[in-house]
Every structure is written in C-alpha cells, then in structure tokens.
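Printed here is coords06.cif (mmCIF, C-alpha atoms):
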data_my_file
loop_
_atom_site.label_atom_id
_atom_site.label_comp_id
_atom_site.auth_asym_id
_atom_site.auth_seq_id
_atom_site.Cartn_x
_atom_site.Cartn_y
_atom_site.Cartn_z
CA GLN C 1 22.04 -17.42 -3.77
CA LEU C 2 21.10 -13.74 -3.46
CA GLN C 3 19.10 -11.94 -6.09
CA PRO C 4 21.01 -9.31 -8.14
CA TRP C 5 19.31 -6.44 -6.29
CA ALA C 6 20.04 -7.80 -2.82
CA GLU C 7 23.62 -6.57 -2.41
CA GLU C 8 22.56 -2.95 -2.89
CA SER C 9 19.06 -3.09 -1.39
CA LEU C 10 19.44 -5.18 1.76
CA PRO C 11 21.74 -2.70 3.54
CA ILE C 12 19.30 0.13 2.74
CA LEU C 13 16.55 -2.02 4.26
CA LYS C 14 18.74 -2.87 7.28
CA HIS C 15 18.64 -6.50 6.13
CA LEU C 16 14.86 -6.61 6.67
CA GLN C 17 15.00 -6.38 10.45
CA ILE C 18 11.75 -6.66 12.33
CA SER C 19 10.32 -3.17 12.74
CA PRO C 20 8.13 -1.87 15.57
CA PHE C 21 5.29 -1.75 13.02
CA ILE C 22 5.62 -5.47 12.28
CA GLU C 23 5.81 -6.22 16.00
CA GLU C 24 2.59 -4.25 16.48
CA ALA C 25 0.91 -6.11 13.61
CA PHE C 26 1.82 -9.48 15.12
CA ARG C 27 0.63 -8.39 18.59
CA LEU C 28 -2.75 -7.57 17.06
CA ILE C 29 -3.33 -11.02 15.54
CA PRO C 30 -4.44 -12.74 18.78
CA LYS C 31 -6.65 -9.74 19.56
CA ILE C 32 -8.31 -10.14 16.16
CA GLU C 33 -8.73 -13.88 16.57
CA THR C 34 -10.20 -13.67 20.09
CA ALA C 35 -12.23 -10.45 19.77
CA SER C 36 -15.37 -10.46 21.88
CA SER C 37 -17.38 -8.50 19.31
CA VAL C 38 -17.47 -7.75 15.60
CA GLU C 39 -16.69 -4.09 16.35
CA ILE C 40 -13.56 -4.88 18.38
CA LYS C 41 -12.40 -7.35 15.73
CA ALA C 42 -12.92 -4.78 12.95
CA ARG C 43 -11.12 -2.05 14.91
CA ASN C 44 -8.11 -4.32 15.44
CA GLN C 45 -8.14 -5.42 11.79
CA LEU C 46 -7.86 -1.77 10.71
CA LYS C 47 -5.03 -1.18 13.22
CA HIS C 48 -3.29 -4.27 11.79
CA LEU C 49 -3.72 -3.01 8.22
CA MET C 50 -2.24 0.37 9.17
CA ALA C 51 0.71 -1.22 11.00
CA ILE C 52 1.55 -3.22 7.88
CA ALA C 53 1.13 -0.09 5.70
CA LYS C 54 3.44 1.93 7.97
CA HIS C 55 6.07 -0.81 7.71
CA GLU C 56 5.76 -1.09 3.95
CA GLN C 57 5.76 2.66 3.33
CA GLY C 58 8.15 3.86 6.04
CA VAL C 59 10.60 1.01 6.52
CA VAL C 60 10.73 -0.46 3.00
CA LEU C 61 9.62 1.99 0.31
CA GLN C 62 10.75 5.27 1.90
CA PRO C 63 14.47 4.43 2.13
CA LEU C 64 14.55 2.14 -0.89
CA ILE C 65 12.73 4.37 -3.38
CA TYR C 66 11.40 7.69 -2.14
CA GLU C 67 14.63 8.98 -0.57
CA GLN C 68 16.67 8.41 -3.73
CA ALA C 69 17.70 11.78 -5.21
CA ASP C 70 16.99 10.84 -8.84
CA PHE C 71 13.51 9.61 -7.96
CA LYS C 72 12.77 12.77 -5.94
CA ARG C 73 13.79 14.91 -8.91
CA ALA C 74 11.57 12.90 -11.24
CA LEU C 75 8.61 13.26 -8.87
CA ALA C 76 9.19 17.01 -8.55
CA THR C 77 9.18 17.25 -12.36
CA MET C 78 5.90 15.33 -12.50
CA ARG C 79 4.36 17.93 -10.16
CA SER C 80 5.35 20.81 -12.43
CA TRP C 81 2.49 22.62 -14.14
CA PRO C 82 2.35 21.22 -17.67
CA ILE C 83 3.20 17.66 -16.74
CA ARG C 84 0.84 17.52 -13.76
CA TRP C 85 -1.97 18.79 -15.96
CA ILE C 86 -1.60 15.92 -18.48
CA SER C 87 -0.67 13.15 -16.01
CA PRO C 88 -3.29 10.66 -14.90
CA LYS C 89 -4.51 10.92 -11.32
CA GLN C 90 -2.82 8.68 -8.82
CA GLN C 91 -5.35 6.21 -7.50
CA ILE C 92 -5.81 2.96 -5.66
CA VAL C 93 -8.45 0.70 -7.20
CA PHE C 94 -10.08 -1.84 -4.89
CA THR C 95 -10.83 -4.38 -7.61
CA ASN C 96 -8.81 -6.74 -9.76
CA HIS C 97 -9.00 -4.21 -12.61
CA CYS C 98 -6.65 -1.30 -13.25
CA GLU C 99 -9.47 1.24 -13.43
CA THR C 100 -13.05 1.72 -12.37
CA ASP C 101 -15.66 4.42 -12.81
CA ASP C 102 -17.24 3.53 -9.46
CA PRO C 103 -15.98 6.08 -6.91
CA ARG C 104 -16.82 3.65 -4.08
CA LEU C 105 -14.20 1.24 -5.44
CA LYS C 106 -11.27 3.63 -5.72
CA SER C 107 -9.34 6.23 -3.79
CA GLU C 108 -7.75 9.15 -5.60
CA ALA C 109 -4.69 10.87 -4.19
CA PRO C 110 -5.23 14.38 -2.82
CA GLU C 111 -4.15 17.09 -5.25
CA ASP C 112 -1.59 18.43 -2.76
CA MET C 113 0.00 15.08 -1.92
CA ILE C 114 3.77 14.95 -2.18
CA VAL C 115 4.32 11.28 -2.88
CA GLU C 116 7.93 11.13 -1.67
CA ASP C 117 6.96 12.72 1.65
CA TYR C 118 6.08 9.89 4.06
CA ARG C 119 3.51 11.88 6.07
CA SER C 120 1.82 13.27 2.99
CA ARG C 121 1.64 9.83 1.39
CA MET C 122 0.49 8.15 4.63
CA TYR C 123 -2.41 10.58 4.99
CA TRP C 124 -3.78 9.29 1.68
CA ILE C 125 -2.94 5.68 2.48
CA GLY C 126 -4.73 6.01 5.81
CA GLU C 127 -7.85 7.31 4.10
CA ALA C 128 -7.65 4.58 1.46
CA ALA C 129 -7.17 1.95 4.18
CA LYS C 130 -10.36 3.12 5.91
CA GLN C 131 -12.20 2.90 2.60
CA PHE C 132 -10.80 -0.59 1.88
CA HIS C 133 -11.64 -1.70 5.43
CA GLY C 134 -15.20 -0.43 5.01
CA LEU C 135 -15.56 -2.38 1.78
CA MET C 136 -14.26 -5.49 3.53
CA GLN C 137 -16.94 -5.03 6.21
CA ARG C 138 -19.87 -4.18 3.92
CA ARG C 139 -19.06 -6.04 0.70
CA THR C 140 -17.06 -8.97 2.04
CA ALA C 141 -17.90 -11.54 -0.65
CA PHE C 142 -17.19 -9.08 -3.47
CA MET C 143 -13.87 -8.02 -1.94
CA GLU C 144 -12.80 -11.62 -1.30
CA ILE C 145 -13.39 -12.38 -4.99
CA GLN C 146 -11.26 -9.36 -5.95
CA LEU C 147 -8.44 -10.36 -3.59
CA SER C 148 -8.57 -13.95 -4.79
CA ALA C 149 -8.23 -12.80 -8.41
CA ILE C 150 -5.24 -10.63 -7.47
CA ALA C 151 -3.65 -13.54 -5.61
CA ASP C 152 -4.09 -15.64 -8.73
CA TRP C 153 -1.82 -13.19 -10.60
CA ALA C 154 1.02 -14.05 -8.23
CA LEU C 155 0.36 -17.78 -8.57
CA ALA C 156 0.34 -17.51 -12.36
CA LYS C 157 3.64 -15.60 -12.27
CA ALA C 158 5.18 -18.18 -9.94
CA ARG C 159 4.11 -21.00 -12.27
CA GLU C 160 5.52 -19.10 -15.22
CA ASP C 161 8.84 -18.63 -13.42
CA LEU C 162 9.05 -22.37 -12.72
CA GLU C 163 8.64 -23.27 -16.39
#

Could the structure of this file be written out as structure tokens, please?
Amino acid sequence: QLQPWAEESLPILKHLQISPFIEEAFRLIPKIETASSVEIKARNQLKHLMAIAKHEQGVVLQPLIYEQADFKRALATMRSWPIRWISPKQQIVFTNHCETDDPRLKSEAPEDMIVEDYRSRMYWIGEAAKQFHGLMQRRTAFMEIQLSAIADWALAKAREDLE
C-alpha cells in the first residue's frame, strides 16, 4: 500500500528512477573498495559523497520542495530585511547535537546563498561536504560515534512505529 504522499510526490520524482548521479555513486564503490592508496580512496569517497548530494538535492529536493511556488515565496520573504536579521543562521552541524560553538564542527551557509537555487545551495553543500570529509579523515572515531548516535535516532523511531 502506498503512503498518502506517494500519489502526488512520486510523479514529481519520476517514480524514483535511477539518476546519473546514483549511477556515478555506484560506479565509485569498487574504486573505493580497491583503492591502491589512502589518498585515492579518500578522493573517491568525496566524489561518492558529492554524487549522492547532487542526487538528493537536484533530483529529489529541487523538484519536490524548492521548485514549489509557495515555498519559493516563503523563502523570499525570509530573505527580506527584517526577517533575515532576526532569523537564525542556516547551518549544518557535524555532531549528533542541534548546535555547537565549535566552528570546526559546523558549516554556516553563505550570507548570499539563495536556498531554492540549486547552484547556490550546492556551492555551500560542496564546501560542507569537504569539511565533513576532512573530519572523517582526521577525527574518524569521533565522527563514527556521531553518525552512530544519529543512526540510533532512526532505529528508535522505527521501533516506536512498530509499537
């Protein structure tokens, strides 16, 4: 049985067809697994991360959310002077917490980013991906703990849904 949102959303998402970005991500997996050096492996891991991000942002979120007229209007309003001034900064936090004071563990959106514009948004996501990738290389154990904690949220929700 389809979820209530599926009838409207699946056509927008072209019924979740395989995109060139997903194909690229899957082609990179054997290169990651058989890399002859740590540097080559890391380079392919970052390419894989960006291919997945391009799929998520361009193939899923762009048509489903960011191209919707009402959402665009709301985002434009949020960029207006008084509202932008009082709104919290958009940020990605690389921990299992919603906020951090440690600038090494977060990426703040550029002031001039237009969130509904794919290229503008992807510039920030690309920079954040490089930062995340660096953390995964330098602080692997810490980042694995953070990712494990985040994964536990999904497991807890799944258990809750089964009850």

**OP:** Run through the PyMOL selection byres ((chain C and resi 115) around 12) on the given coordinates and return the selected residues as a PyMOL selection string.
**Re:** chain C and resi 57+61-62+65-67+71-76+78-79+90-91+109-114+116-125

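Atom pair atom CA of C:Ala42 / atom CA of C:Gln131 has a distance of 12.9 Å (rounded to one decimal).
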
**OP:** Please measure the separation of atom CA of C:Ser107 and atom CA of C:Lys89, giving the value in Å to one decimal.
**Re:** 10.1 Å

Run through the PyMOL selection byres ((chain C and resi 55) around 10) on the given coordinates and return the selected residues as a PDB file with C-alpha atoms, in the coordinates of the input.
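Once everything was written out, this is result_14.pdb:
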ATOM      1  CA  ILE C  18      11.750  -6.660  12.330  1.00  0.00           C
ATOM      2  CA  SER C  19      10.320  -3.170  12.740  1.00  0.00           C
ATOM      3  CA  PRO C  20       8.130  -1.870  15.570  1.00  0.00           C
ATOM      4  CA  PHE C  21       5.290  -1.750  13.020  1.00  0.00           C
ATOM      5  CA  ILE C  22       5.620  -5.470  12.280  1.00  0.00           C
ATOM      6  CA  GLU C  23       5.810  -6.220  16.000  1.00  0.00           C
ATOM      7  CA  ALA C  25       0.910  -6.110  13.610  1.00  0.00           C
ATOM      8  CA  MET C  50      -2.240   0.370   9.170  1.00  0.00           C
ATOM      9  CA  ALA C  51       0.710  -1.220  11.000  1.00  0.00           C
ATOM     10  CA  ILE C  52       1.550  -3.220   7.880  1.00  0.00           C
ATOM     11  CA  ALA C  53       1.130  -0.090   5.700  1.00  0.00           C
ATOM     12  CA  LYS C  54       3.440   1.930   7.970  1.00  0.00           C
ATOM     13  CA  GLU C  56       5.760  -1.090   3.950  1.00  0.00           C
ATOM     14  CA  GLN C  57       5.760   2.660   3.330  1.00  0.00           C
ATOM     15  CA  GLY C  58       8.150   3.860   6.040  1.00  0.00           C
ATOM     16  CA  VAL C  59      10.600   1.010   6.520  1.00  0.00           C
ATOM     17  CA  VAL C  60      10.730  -0.460   3.000  1.00  0.00           C
ATOM     18  CA  LEU C  61       9.620   1.990   0.310  1.00  0.00           C
ATOM     19  CA  GLN C  62      10.750   5.270   1.900  1.00  0.00           C
TER      20      GLN C  62
END

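The spacing separating atom CA of C:Pro88 from atom CA of C:Thr140 amounts to 29.4 Å.
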
Which residues fall under the PyMOL selection byres ((chain C and resi 146-158) around 12) in this file, as a PDB file with C-alpha atoms, in the coordinates of the input?
ATOM      1  CA  VAL C  93      -8.450   0.700  -7.200  1.00  0.00           C
ATOM      2  CA  PHE C  94     -10.080  -1.840  -4.890  1.00  0.00           C
ATOM      3  CA  THR C  95     -10.830  -4.380  -7.610  1.00  0.00           C
ATOM      4  CA  ASN C  96      -8.810  -6.740  -9.760  1.00  0.00           C
ATOM      5  CA  HIS C  97      -9.000  -4.210 -12.610  1.00  0.00           C
ATOM      6  CA  CYS C  98      -6.650  -1.300 -13.250  1.00  0.00           C
ATOM      7  CA  LEU C 105     -14.200   1.240  -5.440  1.00  0.00           C
ATOM      8  CA  PHE C 132     -10.800  -0.590   1.880  1.00  0.00           C
ATOM      9  CA  LEU C 135     -15.560  -2.380   1.780  1.00  0.00           C
ATOM     10  CA  MET C 136     -14.260  -5.490   3.530  1.00  0.00           C
ATOM     11  CA  ARG C 139     -19.060  -6.040   0.700  1.00  0.00           C
ATOM     12  CA  THR C 140     -17.060  -8.970   2.040  1.00  0.00           C
ATOM     13  CA  ALA C 141     -17.900 -11.540  -0.650  1.00  0.00           C
ATOM     14  CA  PHE C 142     -17.190  -9.080  -3.470  1.00  0.00           C
ATOM     15  CA  MET C 143     -13.870  -8.020  -1.940  1.00  0.00           C
ATOM     16  CA  GLU C 144     -12.800 -11.620  -1.300  1.00  0.00           C
ATOM     17  CA  ILE C 145     -13.390 -12.380  -4.990  1.00  0.00           C
ATOM     18  CA  ARG C 159       4.110 -21.000 -12.270  1.00  0.00           C
ATOM     19  CA  GLU C 160       5.520 -19.100 -15.220  1.00  0.00           C
ATOM     20  CA  ASP C 161       8.840 -18.630 -13.420  1.00  0.00           C
ATOM     21  CA  LEU C 162       9.050 -22.370 -12.720  1.00  0.00           C
ATOM     22  CA  GLU C 163       8.640 -23.270 -16.390  1.00  0.00           C
TER      23      GLU C 163
END

**OP:** Using all atoms listed in the file, give me every residue within 10 Å of (-12.8, -1.4, 7.2) in file coordinates, as a ChimeraX atom specification.
**Re:** /C:42-47,49,128-138

Original post:
Do you know which residues are at most 10 Å from C:Ile40 counting only C-alpha atoms, after dropping those on the same chain fewer than 6 positions away, and could you put them as an MDAnalysis selection string?
Top reply: chainID C and resid 31:32 34

Padded axis-aligned box of stretch 8-18 of chain C (4 Å per side), centre and edge lengths, Å, one decimal, as AutoDock Vina command-line options:
--center_x 17.2 --center_y -3.3 --center_z 4.7 --size_x 18.8 --size_y 14.8 --size_z 23.2
